[in-house]
file my_file-v3.cif (mmCIF, C-alpha atoms)
data_my_file
loop_
_atom_site.label_atom_id
_atom_site.label_comp_id
_atom_site.auth_asym_id
_atom_site.auth_seq_id
_atom_site.Cartn_x
_atom_site.Cartn_y
_atom_site.Cartn_z
CA MET G 1 -9.40 -49.33 -83.70
CA SER G 2 -9.41 -47.09 -80.65
CA ARG G 3 -12.46 -45.57 -79.02
CA ILE G 4 -12.57 -42.92 -76.32
CA SER G 5 -15.48 -43.19 -73.91
CA PRO G 6 -17.62 -40.13 -73.16
CA VAL G 7 -17.34 -41.01 -69.45
CA THR G 8 -15.04 -38.64 -67.56
CA GLY G 9 -13.50 -38.83 -64.10
CA HIS G 10 -13.08 -36.08 -61.51
CA TYR G 11 -12.12 -35.59 -57.89
CA VAL G 12 -14.00 -33.38 -55.46
CA THR G 13 -12.78 -32.60 -51.93
CA PHE G 14 -15.12 -31.76 -49.06
CA GLU G 15 -15.68 -32.36 -45.35
CA VAL G 16 -18.18 -34.63 -43.64
CA ASP G 17 -18.44 -34.84 -39.84
CA GLY G 18 -14.97 -33.27 -39.60
CA LEU G 19 -13.41 -35.77 -42.00
CA GLU G 20 -11.86 -34.52 -45.23
CA TYR G 21 -12.50 -36.72 -48.24
CA LYS G 22 -11.13 -36.52 -51.76
CA VAL G 23 -13.81 -38.33 -53.69
CA PHE G 24 -13.50 -39.76 -57.17
CA TYR G 25 -16.51 -39.93 -59.44
CA LEU G 26 -17.27 -40.88 -63.01
CA GLU G 27 -19.91 -39.03 -64.95
CA ASN G 28 -21.63 -38.84 -68.30
CA GLY G 29 -24.76 -37.23 -69.67
CA THR G 30 -26.87 -34.14 -69.13
CA GLY G 31 -30.13 -33.54 -67.30
CA GLN G 32 -31.42 -34.42 -63.86
CA PRO G 33 -28.55 -35.82 -61.77
CA LEU G 34 -28.68 -39.58 -61.19
CA VAL G 35 -26.28 -40.31 -58.32
CA CYS G 36 -25.18 -43.93 -58.11
CA GLN G 37 -23.79 -45.81 -55.08
CA HIS G 38 -21.91 -49.07 -55.64
CA THR G 39 -22.24 -52.10 -53.36
CA ALA G 40 -20.20 -52.83 -50.21
CA GLY G 41 -16.51 -53.52 -50.75
CA CYS G 42 -16.69 -52.52 -54.39
CA HIS G 43 -16.35 -49.42 -56.62
CA ASN G 44 -18.00 -47.41 -59.34
CA HIS G 45 -17.11 -49.70 -62.25
CA GLN G 46 -20.21 -51.65 -61.30
CA TRP G 47 -22.09 -48.86 -63.09
CA ARG G 48 -20.02 -49.13 -66.31
CA GLY G 49 -23.00 -50.15 -68.44
CA LEU G 50 -25.23 -47.36 -67.20
CA LEU G 51 -22.48 -44.75 -67.56
CA GLU G 52 -22.27 -45.46 -71.30
CA ASP G 53 -26.00 -45.86 -71.86
CA GLU G 54 -26.66 -43.22 -74.53
CA GLU G 55 -30.42 -43.15 -74.06
CA ILE G 56 -30.26 -42.59 -70.31
CA ALA G 57 -27.29 -40.21 -70.62
CA SER G 58 -29.36 -38.08 -73.00
CA ARG G 59 -31.81 -37.39 -70.18
CA TYR G 60 -29.79 -37.72 -66.97
CA ARG G 61 -26.40 -36.61 -65.66
CA ILE G 62 -25.17 -39.98 -64.41
CA ILE G 63 -22.72 -39.67 -61.52
CA ALA G 64 -21.13 -42.82 -60.09
CA TYR G 65 -18.81 -42.09 -57.19
CA ASP G 66 -16.44 -44.20 -55.16
CA LEU G 67 -17.30 -44.09 -51.47
CA PRO G 68 -14.19 -43.18 -49.39
CA ARG G 69 -11.95 -46.25 -48.90
CA HIS G 70 -13.17 -47.69 -52.20
CA GLY G 71 -11.78 -47.54 -55.72
CA LYS G 72 -9.97 -44.23 -56.24
CA SER G 73 -11.45 -42.47 -53.19
CA ASP G 74 -8.89 -42.63 -50.39
CA PRO G 75 -9.65 -42.94 -46.68
CA PRO G 76 -9.95 -39.60 -44.85
CA GLU G 77 -7.12 -37.16 -45.58
CA ASN G 78 -6.96 -35.67 -42.08
CA THR G 79 -7.02 -38.61 -39.65
CA GLU G 80 -4.79 -41.55 -38.73
CA TRP G 81 -7.44 -43.93 -40.03
CA TRP G 82 -5.08 -46.91 -39.87
CA LYS G 83 -5.24 -46.79 -36.06
CA GLU G 84 -8.99 -47.39 -35.98
CA GLU G 85 -11.31 -50.18 -37.07
CA TYR G 86 -13.48 -49.05 -39.97
CA ARG G 87 -17.18 -49.39 -39.22
CA LEU G 88 -19.57 -47.44 -41.42
CA THR G 89 -22.60 -45.99 -39.64
CA ALA G 90 -25.94 -44.91 -41.05
CA ASP G 91 -25.43 -41.38 -39.71
CA HIS G 92 -22.09 -40.88 -41.43
CA TYR G 93 -23.13 -42.61 -44.64
CA CYS G 94 -26.20 -40.38 -45.03
CA ALA G 95 -24.21 -37.27 -44.14
CA PHE G 96 -21.62 -38.17 -46.75
CA ILE G 97 -24.13 -38.58 -49.57
CA VAL G 98 -25.86 -35.29 -48.80
CA ALA G 99 -22.48 -33.54 -48.54
CA LEU G 100 -21.45 -34.98 -51.91
CA CYS G 101 -24.64 -33.70 -53.52
CA ASP G 102 -24.03 -30.29 -51.92
CA ALA G 103 -20.37 -30.23 -53.00
CA LEU G 104 -21.41 -30.87 -56.60
CA ASP G 105 -24.28 -28.38 -56.28
CA LEU G 106 -26.77 -30.98 -57.49
CA ARG G 107 -30.39 -29.86 -57.76
CA ASP G 108 -33.19 -32.38 -57.39
CA PRO G 109 -30.89 -35.41 -57.78
CA ILE G 110 -32.20 -38.95 -58.02
CA PHE G 111 -30.25 -41.26 -55.72
CA MET G 112 -29.80 -44.90 -56.71
CA GLY G 113 -27.91 -47.32 -54.50
CA CYS G 114 -27.52 -51.07 -54.53
CA SER G 115 -27.24 -53.50 -51.61
CA PHE G 116 -25.73 -51.43 -48.79
CA GLY G 117 -26.51 -48.59 -51.19
CA GLY G 118 -30.09 -49.79 -51.39
CA ASN G 119 -30.30 -49.80 -47.63
CA VAL G 120 -28.88 -46.28 -47.35
CA ALA G 121 -31.36 -45.24 -50.03
CA LEU G 122 -34.11 -46.14 -47.56
CA GLN G 123 -32.28 -44.19 -44.84
CA LEU G 124 -32.14 -41.15 -47.14
CA ALA G 125 -35.84 -41.51 -47.96
CA LEU G 126 -36.52 -41.37 -44.22
CA ARG G 127 -34.07 -38.62 -43.26
CA HIS G 128 -33.75 -36.33 -46.30
CA PRO G 129 -36.81 -36.65 -48.53
CA ASP G 130 -36.65 -32.99 -49.55
CA ARG G 131 -33.04 -33.16 -50.74
CA PHE G 132 -33.77 -35.70 -53.50
CA GLY G 133 -36.02 -35.74 -56.53
CA GLY G 134 -36.42 -39.47 -56.27
CA ILE G 135 -34.82 -42.52 -54.70
CA LEU G 136 -34.20 -45.95 -56.17
CA ALA G 137 -33.37 -48.66 -53.62
CA VAL G 138 -31.85 -51.64 -55.44
CA GLU G 139 -31.55 -54.87 -53.42
CA GLY G 140 -32.58 -53.03 -50.26
CA ALA G 141 -34.72 -53.90 -47.24
CA ASP G 142 -35.55 -52.64 -43.77
CA HIS G 143 -33.07 -55.05 -42.18
CA SER G 144 -30.41 -57.38 -43.63
CA PRO G 145 -28.58 -59.28 -40.90
CA GLY G 146 -26.01 -62.03 -41.23
CA PHE G 147 -23.19 -60.70 -43.39
CA TYR G 148 -20.98 -58.88 -40.84
CA LEU G 149 -18.52 -61.76 -40.74
CA ASP G 150 -14.88 -62.11 -39.69
CA TRP G 151 -14.15 -64.26 -42.74
CA TRP G 152 -13.85 -61.17 -44.95
CA GLN G 153 -10.63 -60.20 -43.20
CA HIS G 154 -9.31 -63.43 -41.77
CA PRO G 155 -5.48 -63.35 -41.94
CA HIS G 156 -5.24 -67.10 -42.56
CA ALA G 157 -7.31 -67.00 -45.75
CA ASN G 158 -6.94 -65.10 -49.01
CA ALA G 159 -9.21 -62.15 -48.22
CA ALA G 160 -9.42 -61.04 -51.84
CA GLN G 161 -10.72 -64.43 -52.94
CA VAL G 162 -12.94 -64.91 -49.90
CA CYS G 163 -14.70 -61.61 -50.57
CA ALA G 164 -14.98 -62.17 -54.32
CA SER G 165 -16.06 -65.80 -54.21
CA GLY G 166 -18.14 -65.15 -51.10
CA VAL G 167 -20.40 -62.86 -53.12
CA TRP G 168 -20.31 -64.98 -56.30
CA ASP G 169 -23.48 -66.82 -55.34
CA LEU G 170 -25.31 -63.52 -55.07
CA MET G 171 -25.31 -63.44 -58.87
CA ALA G 172 -27.69 -65.31 -61.15
CA PRO G 173 -26.39 -68.20 -63.25
CA GLN G 174 -28.14 -66.63 -66.25
CA SER G 175 -25.98 -63.48 -66.08
CA PRO G 176 -23.20 -63.32 -68.68
CA GLU G 177 -20.10 -65.07 -67.40
CA ALA G 178 -17.78 -62.22 -68.42
CA ASP G 179 -19.80 -59.69 -66.43
CA ARG G 180 -19.97 -61.95 -63.40
CA TRP G 181 -16.21 -62.32 -63.54
CA LYS G 182 -15.71 -58.56 -63.82
CA THR G 183 -17.82 -58.18 -60.69
CA TRP G 184 -15.76 -60.92 -59.00
CA PHE G 185 -12.58 -59.09 -60.02
CA TYR G 186 -13.81 -55.81 -58.51
CA TYR G 187 -14.48 -57.66 -55.28
CA THR G 188 -10.89 -58.87 -55.06
CA GLN G 189 -9.93 -55.19 -54.73
CA GLY G 190 -12.02 -54.15 -51.75
CA SER G 191 -11.57 -56.62 -48.92
CA GLU G 192 -10.22 -54.06 -46.41
CA ALA G 193 -13.39 -51.98 -46.65
CA PHE G 194 -15.91 -54.78 -47.14
CA LYS G 195 -16.34 -55.81 -43.54
CA GLY G 196 -16.62 -52.22 -42.28
CA ASP G 197 -19.24 -51.53 -44.95
CA LEU G 198 -21.16 -54.57 -43.78
CA TYR G 199 -21.29 -53.15 -40.27
CA PHE G 200 -23.74 -50.68 -41.76
CA TYR G 201 -25.42 -53.27 -43.98
CA SER G 202 -26.07 -55.95 -41.37
CA VAL G 203 -25.82 -54.18 -37.99
CA ASP G 204 -26.37 -50.41 -37.94
CA HIS G 205 -29.05 -50.33 -40.63
CA ASP G 206 -32.33 -51.36 -39.03
CA LEU G 207 -35.51 -49.60 -40.07
CA ARG G 208 -37.87 -52.18 -38.67
CA GLY G 209 -40.77 -50.33 -37.11
CA ARG G 210 -39.86 -47.04 -38.79
CA LEU G 211 -40.88 -47.62 -42.40
CA GLY G 212 -44.22 -45.86 -41.88
CA GLU G 213 -42.30 -42.61 -41.25
CA ILE G 214 -41.02 -42.55 -44.85
CA ASP G 215 -43.06 -39.97 -46.74
CA THR G 216 -43.15 -40.90 -50.42
CA ASP G 217 -45.29 -37.86 -51.19
CA ARG G 218 -42.22 -35.74 -50.53
CA CYS G 219 -39.84 -38.03 -52.43
CA PRO G 220 -40.92 -40.86 -54.74
CA LEU G 221 -39.33 -44.19 -53.85
CA VAL G 222 -38.92 -47.27 -56.03
CA MET G 223 -37.46 -50.59 -54.86
CA LEU G 224 -35.98 -53.20 -57.22
CA THR G 225 -34.74 -56.65 -56.19
CA GLY G 226 -33.44 -59.63 -58.14
CA GLU G 227 -34.80 -63.13 -57.59
CA TYR G 228 -31.35 -64.73 -57.12
CA ASP G 229 -30.46 -62.41 -54.21
CA TYR G 230 -30.18 -64.59 -51.11
CA LEU G 231 -29.35 -61.72 -48.72
CA THR G 232 -32.24 -59.42 -49.55
CA THR G 233 -34.81 -61.58 -51.27
CA PRO G 234 -37.70 -60.21 -53.30
CA ALA G 235 -39.92 -61.17 -50.37
CA ASP G 236 -37.82 -59.00 -48.03
CA SER G 237 -38.06 -56.00 -50.35
CA ALA G 238 -41.76 -56.55 -51.03
CA ARG G 239 -42.41 -56.64 -47.29
CA THR G 240 -40.44 -53.42 -46.86
CA ALA G 241 -42.19 -51.64 -49.73
CA ALA G 242 -45.61 -52.67 -48.44
CA ALA G 243 -44.85 -51.22 -45.00
CA ILE G 244 -43.69 -47.92 -46.50
CA GLY G 245 -46.81 -47.32 -48.54
CA ASN G 246 -47.06 -45.76 -52.01
CA CYS G 247 -43.70 -47.33 -52.79
CA THR G 248 -43.30 -49.14 -56.09
CA PHE G 249 -41.63 -52.54 -55.87
CA ILE G 250 -40.25 -54.22 -58.98
CA GLU G 251 -39.13 -57.84 -58.76
CA MET G 252 -36.40 -58.56 -61.28
CA LYS G 253 -36.37 -62.06 -62.81
CA ASP G 254 -33.23 -63.99 -63.81
CA ILE G 255 -30.85 -61.62 -62.03
CA GLY G 256 -29.17 -61.31 -58.65
CA HIS G 257 -27.75 -58.89 -56.10
CA PHE G 258 -25.47 -56.91 -58.46
CA PRO G 259 -27.91 -56.31 -61.32
CA MET G 260 -26.23 -53.25 -62.86
CA SER G 261 -22.89 -55.06 -62.96
CA GLU G 262 -23.79 -58.72 -63.61
CA ASN G 263 -26.30 -58.12 -66.42
CA TYR G 264 -26.79 -54.48 -67.38
CA PRO G 265 -28.90 -55.09 -70.53
CA LEU G 266 -31.48 -56.91 -68.40
CA PHE G 267 -31.25 -54.47 -65.49
CA ARG G 268 -31.79 -51.43 -67.73
CA ARG G 269 -35.28 -52.68 -68.64
CA TYR G 270 -36.26 -52.56 -65.00
CA LEU G 271 -34.35 -49.33 -64.43
CA LEU G 272 -36.30 -47.59 -67.20
CA GLN G 273 -39.52 -48.68 -65.49
CA ALA G 274 -38.22 -47.30 -62.21
CA LEU G 275 -37.15 -43.96 -63.70
CA GLN G 276 -40.52 -43.68 -65.39
CA ALA G 277 -42.21 -44.30 -62.04
CA VAL G 278 -40.18 -41.49 -60.48
CA GLU G 279 -40.93 -39.16 -63.37
CA ARG G 280 -44.62 -39.80 -63.13
CA ARG G 281 -44.55 -39.84 -59.32
CA LYS G 282 -46.92 -42.75 -59.37
CA PRO G 283 -46.51 -46.53 -59.30
CA VAL G 284 -46.22 -48.45 -62.56
CA PRO G 285 -47.87 -51.83 -63.08
CA VAL G 286 -45.40 -54.66 -62.52
CA MET J 1 -38.03 -75.13 -66.35
CA THR J 2 -35.00 -77.18 -67.31
CA ALA J 3 -35.13 -80.96 -67.05
CA PRO J 4 -33.09 -82.57 -64.30
CA THR J 5 -29.97 -84.32 -65.42
CA PRO J 6 -30.09 -88.13 -65.33
CA VAL J 7 -29.25 -89.64 -61.97
CA LEU J 8 -26.10 -91.72 -61.97
CA SER J 9 -25.19 -94.40 -59.47
CA ALA J 10 -23.18 -93.05 -56.55
CA GLN J 11 -19.92 -94.49 -57.88
CA GLU J 12 -20.64 -93.31 -61.43
CA TRP J 13 -21.34 -89.86 -60.09
CA ALA J 14 -18.09 -89.85 -58.12
CA ASP J 15 -16.12 -90.84 -61.19
CA ALA J 16 -17.83 -88.25 -63.38
CA PHE J 17 -17.30 -85.56 -60.77
CA ALA J 18 -13.59 -86.35 -60.49
CA GLU J 19 -13.21 -86.35 -64.27
CA ALA J 20 -15.05 -83.03 -64.63
CA ASN J 21 -12.86 -81.45 -61.94
CA ASN J 22 -9.61 -82.79 -63.29
CA THR J 23 -10.30 -81.46 -66.78
CA ASP J 24 -11.89 -78.16 -65.77
CA PRO J 25 -9.85 -75.28 -67.22
CA GLU J 26 -10.60 -72.85 -64.37
CA ILE J 27 -9.73 -75.21 -61.54
CA GLN J 28 -6.63 -76.45 -63.32
CA ALA J 29 -5.52 -72.86 -63.98
CA HIS J 30 -6.03 -71.69 -60.38
CA GLY J 31 -5.85 -74.86 -58.29
CA LYS J 32 -2.12 -75.17 -57.69
CA HIS J 33 -2.71 -74.87 -53.93
CA PHE J 34 -6.28 -76.27 -53.90
CA THR J 35 -5.73 -79.11 -51.42
CA CYS J 36 -8.36 -80.26 -48.93
CA SER J 37 -10.80 -83.03 -48.06
CA TYR J 38 -14.47 -82.52 -47.43
CA LEU J 39 -17.68 -84.43 -46.88
CA LEU J 40 -20.51 -83.93 -49.34
CA ASP J 41 -23.50 -85.25 -47.41
CA ALA J 42 -26.56 -85.71 -49.57
CA GLY J 43 -28.62 -87.82 -47.18
CA GLU J 44 -29.18 -90.81 -49.43
CA HIS J 45 -25.44 -90.98 -50.17
CA SER J 46 -22.34 -89.32 -48.82
CA PHE J 47 -18.96 -88.71 -50.39
CA VAL J 48 -15.59 -87.72 -48.95
CA ILE J 49 -13.74 -85.86 -51.67
CA ASP J 50 -9.94 -85.61 -51.48
CA VAL J 51 -8.37 -82.87 -53.55
CA VAL J 52 -4.61 -82.46 -53.98
CA SER J 53 -3.20 -79.54 -55.97
CA GLY J 54 -6.43 -79.10 -57.87
CA LYS J 55 -6.96 -82.77 -58.73
CA VAL J 56 -9.63 -84.97 -57.19
CA VAL J 57 -7.41 -87.90 -56.24
CA HIS J 58 -10.01 -89.98 -54.41
CA VAL J 59 -13.73 -90.02 -53.65
CA ALA J 60 -14.90 -92.29 -50.85
CA VAL J 61 -18.50 -93.29 -51.61
CA ASP J 62 -20.67 -93.89 -48.54
CA PRO J 63 -17.66 -94.33 -46.24
CA GLY J 64 -17.99 -96.15 -42.93
CA PRO J 65 -17.80 -94.31 -39.62
CA LEU J 66 -14.00 -94.15 -39.32
CA GLU J 67 -12.94 -94.77 -42.89
CA ALA J 68 -12.58 -91.32 -44.42
CA PRO J 69 -11.53 -88.28 -42.38
CA TYR J 70 -12.33 -84.85 -43.74
CA GLN J 71 -11.80 -81.20 -42.80
CA PHE J 72 -15.22 -79.70 -43.39
CA ALA J 73 -18.67 -80.83 -44.44
CA ILE J 74 -21.31 -79.57 -46.83
CA ARG J 75 -24.61 -81.15 -45.83
CA ALA J 76 -28.03 -80.80 -47.43
CA SER J 77 -31.10 -82.84 -48.21
CA ALA J 78 -31.27 -84.85 -51.42
CA GLU J 79 -33.90 -82.42 -52.66
CA THR J 80 -31.52 -79.48 -52.28
CA TRP J 81 -28.67 -81.28 -54.06
CA ARG J 82 -31.05 -82.14 -56.89
CA GLY J 83 -31.65 -78.42 -57.24
CA PHE J 84 -27.88 -77.94 -57.63
CA GLY J 85 -27.83 -80.62 -60.35
CA ARG J 86 -29.85 -78.66 -62.88
CA PRO J 87 -28.13 -76.87 -65.78
CA VAL J 88 -29.68 -73.58 -64.62
CA PRO J 89 -30.53 -73.91 -60.93
CA GLU J 90 -33.57 -72.23 -59.48
CA PRO J 91 -32.93 -69.32 -57.07
CA MET J 92 -31.29 -70.41 -53.80
CA PHE J 93 -30.09 -73.70 -55.31
CA HIS J 94 -27.32 -71.89 -57.19
CA GLY J 95 -24.57 -71.96 -54.57
CA ILE J 96 -23.47 -73.08 -51.12
CA TRP J 97 -23.96 -69.57 -49.71
CA SER J 98 -27.49 -69.13 -51.04
CA ALA J 99 -28.55 -72.64 -50.00
CA SER J 100 -27.02 -72.13 -46.54
CA PHE J 101 -28.79 -68.81 -46.01
CA ARG J 102 -32.13 -69.80 -47.54
CA ARG J 103 -32.42 -73.59 -47.75
CA ASP J 104 -31.37 -76.54 -45.58
CA MET J 105 -27.68 -76.63 -46.46
CA ARG J 106 -25.21 -76.58 -43.54
CA LEU J 107 -21.50 -75.80 -43.64
CA GLU J 108 -19.73 -77.54 -40.77
CA GLY J 109 -16.26 -78.42 -39.49
CA ASP J 110 -13.13 -76.38 -40.13
CA LEU J 111 -14.64 -73.55 -42.12
CA LEU J 112 -11.26 -71.85 -42.37
CA VAL J 113 -10.21 -74.60 -44.80
CA LEU J 114 -13.36 -73.96 -46.80
CA MET J 115 -12.57 -70.24 -46.93
CA GLN J 116 -8.95 -70.89 -47.89
CA ASN J 117 -10.17 -72.89 -50.89
CA LEU J 118 -13.35 -70.96 -51.58
CA ARG J 119 -12.59 -69.93 -55.15
CA CYS J 120 -12.04 -73.45 -56.41
CA ILE J 121 -14.70 -75.07 -54.18
CA THR J 122 -17.25 -72.65 -55.61
CA ARG J 123 -16.36 -73.73 -59.12
CA GLN J 124 -16.21 -77.39 -58.11
CA ILE J 125 -19.75 -77.33 -56.74
CA GLU J 126 -20.95 -75.63 -59.93
CA LEU J 127 -19.72 -78.68 -61.84
CA LEU J 128 -22.91 -80.34 -60.59
CA ARG J 129 -24.76 -78.30 -63.21
CA THR J 130 -23.14 -80.46 -65.88
CA VAL J 131 -22.29 -83.65 -63.96
CA GLY J 132 -25.71 -83.79 -62.32
CA SER J 133 -26.88 -84.27 -58.75
CA PRO J 134 -24.99 -86.73 -56.54
CA VAL J 135 -28.33 -88.30 -55.57
#
call {"tool": "encode", "arguments": {"input": "my_file-v3.cif", "output": "structure tokens"}}
result
Amino acid sequence: MSRISPVTGHYVTFEVDGLEYKVFYLENGTGQPLVCQHTAGCHNHQWRGLLEDEEIASRYRIIAYDLPRHGKSDPPENTEWWKEEYRLTADHYCAFIVALCDALDLRDPIFMGCSFGGNVALQLALRHPDRFGGILAVEGADHSPGFYLDWWQHPHANAAQVCASGVWDLMAPQSPEADRWKTWFYYTQGSEAFKGDLYFYSVDHDLRGRLGEIDTDRCPLVMLTGEYDYLTTPADSARTAAAIGNCTFIEMKDIGHFPMSENYPLFRRYLLQALQAVERRKPVPV
Amino acid sequence: MTAPTPVLSAQEWADAFAEANNTDPEIQAHGKHFTCSYLLDAGEHSFVIDVVSGKVVHVAVDPGPLEAPYQFAIRASAETWRGFGRPVPEPMFHGIWSASFRRDMRLEGDLLVLMQNLRCITRQIELLRTVGSPV
């Protein structure tokens, strides 16, 4: 028996910092936009469970895009990108997300990003609090060094497998095996962008000493981190949230660094708490 | 909290580990080129594991100084390896990356060989969840 998903795909073309991008995004639902950023070296299928979540889609317009150089979003259309090393910066990453929201004419969107998306969520909370109706930083922290490694692109190893198996241990053993393997499979597809993404994740992103400048009165901020995440541990996120002030932190048990992809049914329980916290603009008890 | 698996003697563990590897569907499906030798150093015991085309062909138990060459080493305290030997490991005892970043595990030697075989090594180390800790 066949079944057609309500999720639809679109392309939108716009410029950021002089670069022209043709960006692919999946969407479903109606209501306040919920803009979702996948993790480094990956693509929007990580949000497959959320995109088909009928309850959330009844209240939010869920938009999961592919960052340029990932999934179905090509590298820039108007440059010879193959002659340069790709290194994502905080400035360009933030400019891209705001430009995407402008291109889609999104009003009061909630931004949710995971891992390097969780880190850019904190950057957006600092730089553009008035552009967003709320921000969810999943697996994010003020600083996350140690993953900008040459192994991701070493020509003497199978880069697809190094990237995919290199992030395998970021997932919890309790997460369903089939979903962990889907996440592994996505990671075999993104090795050329992974290292450049991690330049942002581990090098350019550093908000140590600046967290107090984030004004959560202008934009509510919720952080969520899984206990099996060895890159950004719950302690790292708790420390970050405490330094920001009036920032809700939710520790997620029995799950890892790719919660929406490795175990969506468990993640959605925490996500509903986080969305409720944004709606109420006040912390929820953990 | 899950109970730790029973501790085998070092030789019994080596035999059980080889058997688990050589009958593991994933490693046998993807291990055609999985060939390397590495030291598993668990403090109280050490093992040099030789893998050829996905099969563990020999495990040297507590080898002498010059008896068993290897390409890379995975070293950790006995306590850390015992964490790996649980059916559902606690956080940070669930893989060589997590234990290297957050516990006392060290990855040494020719890491390129480790990376070249990472998919199958990852699965092989997870066999400890059923075989049990080497110490």
call {"tool": "interface_residues", "arguments": {"input": "my_file-v3.cif", "of": "chain J", "to": "chain G", "cutoff": "8 Å", "atoms": "all atoms listed in the file", "output": "list in words"}}
result
Val88, Pro89, Pro91, Met92, His94, Gly95, Ile96, Trp97, Ser98, Phe101, Arg102, Leu112, Met115, Gln116, Leu118, Arg119 and Thr122 of chain J
call {"tool": "closest_atom_pairs", "arguments": {"input": "my_file-v3.cif", "of": "range 59-90 of chain G", "to": "range 191-207 of chain G", "cutoff": "9 Å", "atoms": "all atoms listed in the file", "output": "JSON lines"}}
result
{"residue": "G:Arg69", "atom": "CA", "partner": "G:Ala193", "partner_atom": "CA", "distance": 6.3}
{"residue": "G:His70", "atom": "CA", "partner": "G:Ala193", "partner_atom": "CA", "distance": 7.0}
{"residue": "G:Glu85", "atom": "CA", "partner": "G:Gly196", "partner_atom": "CA", "distance": 7.7}
{"residue": "G:Tyr86", "atom": "CA", "partner": "G:Gly196", "partner_atom": "CA", "distance": 5.0}
{"residue": "G:Arg87", "atom": "CA", "partner": "G:Gly196", "partner_atom": "CA", "distance": 4.2}
{"residue": "G:Leu88", "atom": "CA", "partner": "G:Phe200", "partner_atom": "CA", "distance": 5.3}
{"residue": "G:Thr89", "atom": "CA", "partner": "G:Phe200", "partner_atom": "CA", "distance": 5.3}
{"residue": "G:Ala90", "atom": "CA", "partner": "G:Phe200", "partner_atom": "CA", "distance": 6.2}
call {"tool": "atom_distance", "arguments": {"input": "my_file-v3.cif", "atom1": "CA of Ser53 in chain J", "atom2": "CA of Ile74 in chain J"}}
result
20.3 Å
call {"tool": "resolve_selection", "arguments": {"input": "my_file-v3.cif", "expression": "the PyMOL selection byres ((chain J and resi 17-24) around 8)", "output": "NGL selection string"}}
result
:J and (13-16 or 25-28 or 54-59 or 124 or 127-128 or 131)
call {"tool": "atom_distance", "arguments": {"input": "my_file-v3.cif", "atom1": "CA of His92 in chain G", "atom2": "CA of Phe147 in chain G"}}
result
19.9 Å
call {"tool": "resolve_selection", "arguments": {"input": "my_file-v3.cif", "expression": "the PyMOL selection byres ((chain G and resi 75) around 10)", "output": "PyMOL selection string"}}
result
chain G and resi 19-23+67-70+72-74+76-82+86+193
call {"tool": "atom_distance", "arguments": {"input": "my_file-v3.cif", "atom1": "CA of Leu136 in chain G", "atom2": "CA of Leu221 in chain G"}}
result
5.9 Å
call {"tool": "resolve_selection", "arguments": {"input": "my_file-v3.cif", "expression": "the PyMOL selection byres ((chain G and resi 98) around 12)", "output": "PyMOL selection string"}}
result
chain G and resi 14-17+35+91-97+99-111+120-121+123-125+127-132
call {"tool": "closest_residue", "arguments": {"input": "my_file-v3.cif", "among": "J:Tyr38, J:Phe84, J:Phe47, J:Phe93", "to": "Thr130 in chain J", "atoms": "only C-alpha atoms"}}
result
J:Phe84
call {"tool": "residues_near_point", "arguments": {"input": "my_file-v3.cif", "point": "(-28.8, -33.8, -66.6)", "cutoff": "6 Å", "atoms": "all atoms listed in the file", "output": "PyMOL selection string"}}
result
chain G and resi 30-33+59-61
call {"tool": "residues_around", "arguments": {"input": "my_file-v3.cif", "residues": "Val135 in chain J", "least_positions_apart": "4", "cutoff": "12 Å", "atoms": "all atoms listed in the file", "output": "number ranges by chain"}}
result
J: 4-14, 40-47, 61-62, 76-85, 128, 131
call {"tool": "write_last_selection", "arguments": {"input": "my_file-v3.cif", "atoms": "C-alpha atoms", "output": "compact mmCIF listing (two decimals), in the frame of the given file"}}
result
# COMPACT_ATOMS: atom_id res chain seq x y z
CA PRO J 4 -33.09 -82.57 -64.30
CA THR J 5 -29.97 -84.32 -65.42
CA PRO J 6 -30.09 -88.13 -65.33
CA VAL J 7 -29.25 -89.64 -61.97
CA LEU J 8 -26.10 -91.72 -61.97
CA SER J 9 -25.19 -94.40 -59.47
CA ALA J 10 -23.18 -93.05 -56.55
CA GLN J 11 -19.92 -94.49 -57.88
CA GLU J 12 -20.64 -93.31 -61.43
CA TRP J 13 -21.34 -89.86 -60.09
CA ALA J 14 -18.09 -89.85 -58.12
CA LEU J 40 -20.51 -83.93 -49.34
CA ASP J 41 -23.50 -85.25 -47.41
CA ALA J 42 -26.56 -85.71 -49.57
CA GLY J 43 -28.62 -87.82 -47.18
CA GLU J 44 -29.18 -90.81 -49.43
CA HIS J 45 -25.44 -90.98 -50.17
CA SER J 46 -22.34 -89.32 -48.82
CA PHE J 47 -18.96 -88.71 -50.39
CA VAL J 61 -18.50 -93.29 -51.61
CA ASP J 62 -20.67 -93.89 -48.54
CA ALA J 76 -28.03 -80.80 -47.43
CA SER J 77 -31.10 -82.84 -48.21
CA ALA J 78 -31.27 -84.85 -51.42
CA GLU J 79 -33.90 -82.42 -52.66
CA THR J 80 -31.52 -79.48 -52.28
CA TRP J 81 -28.67 -81.28 -54.06
CA ARG J 82 -31.05 -82.14 -56.89
CA GLY J 83 -31.65 -78.42 -57.24
CA PHE J 84 -27.88 -77.94 -57.63
CA GLY J 85 -27.83 -80.62 -60.35
CA LEU J 128 -22.91 -80.34 -60.59
CA VAL J 131 -22.29 -83.65 -63.96
call {"tool": "residues_near_point", "arguments": {"input": "my_file-v3.cif", "point": "(-33.2, -48.2, -51.6)", "cutoff": "6 Å", "atoms": "only C-alpha atoms", "output": "ChimeraX atom specification"}}
result
/G:118-119,121-122,136-138,140,223
call {"tool": "closest_residue", "arguments": {"input": "my_file-v3.cif", "among": "J:Asn117, J:Arg123, J:Ala29, J:Met105", "to": "Ala160 in chain G", "atoms": "only C-alpha atoms"}}
result
J:Asn117
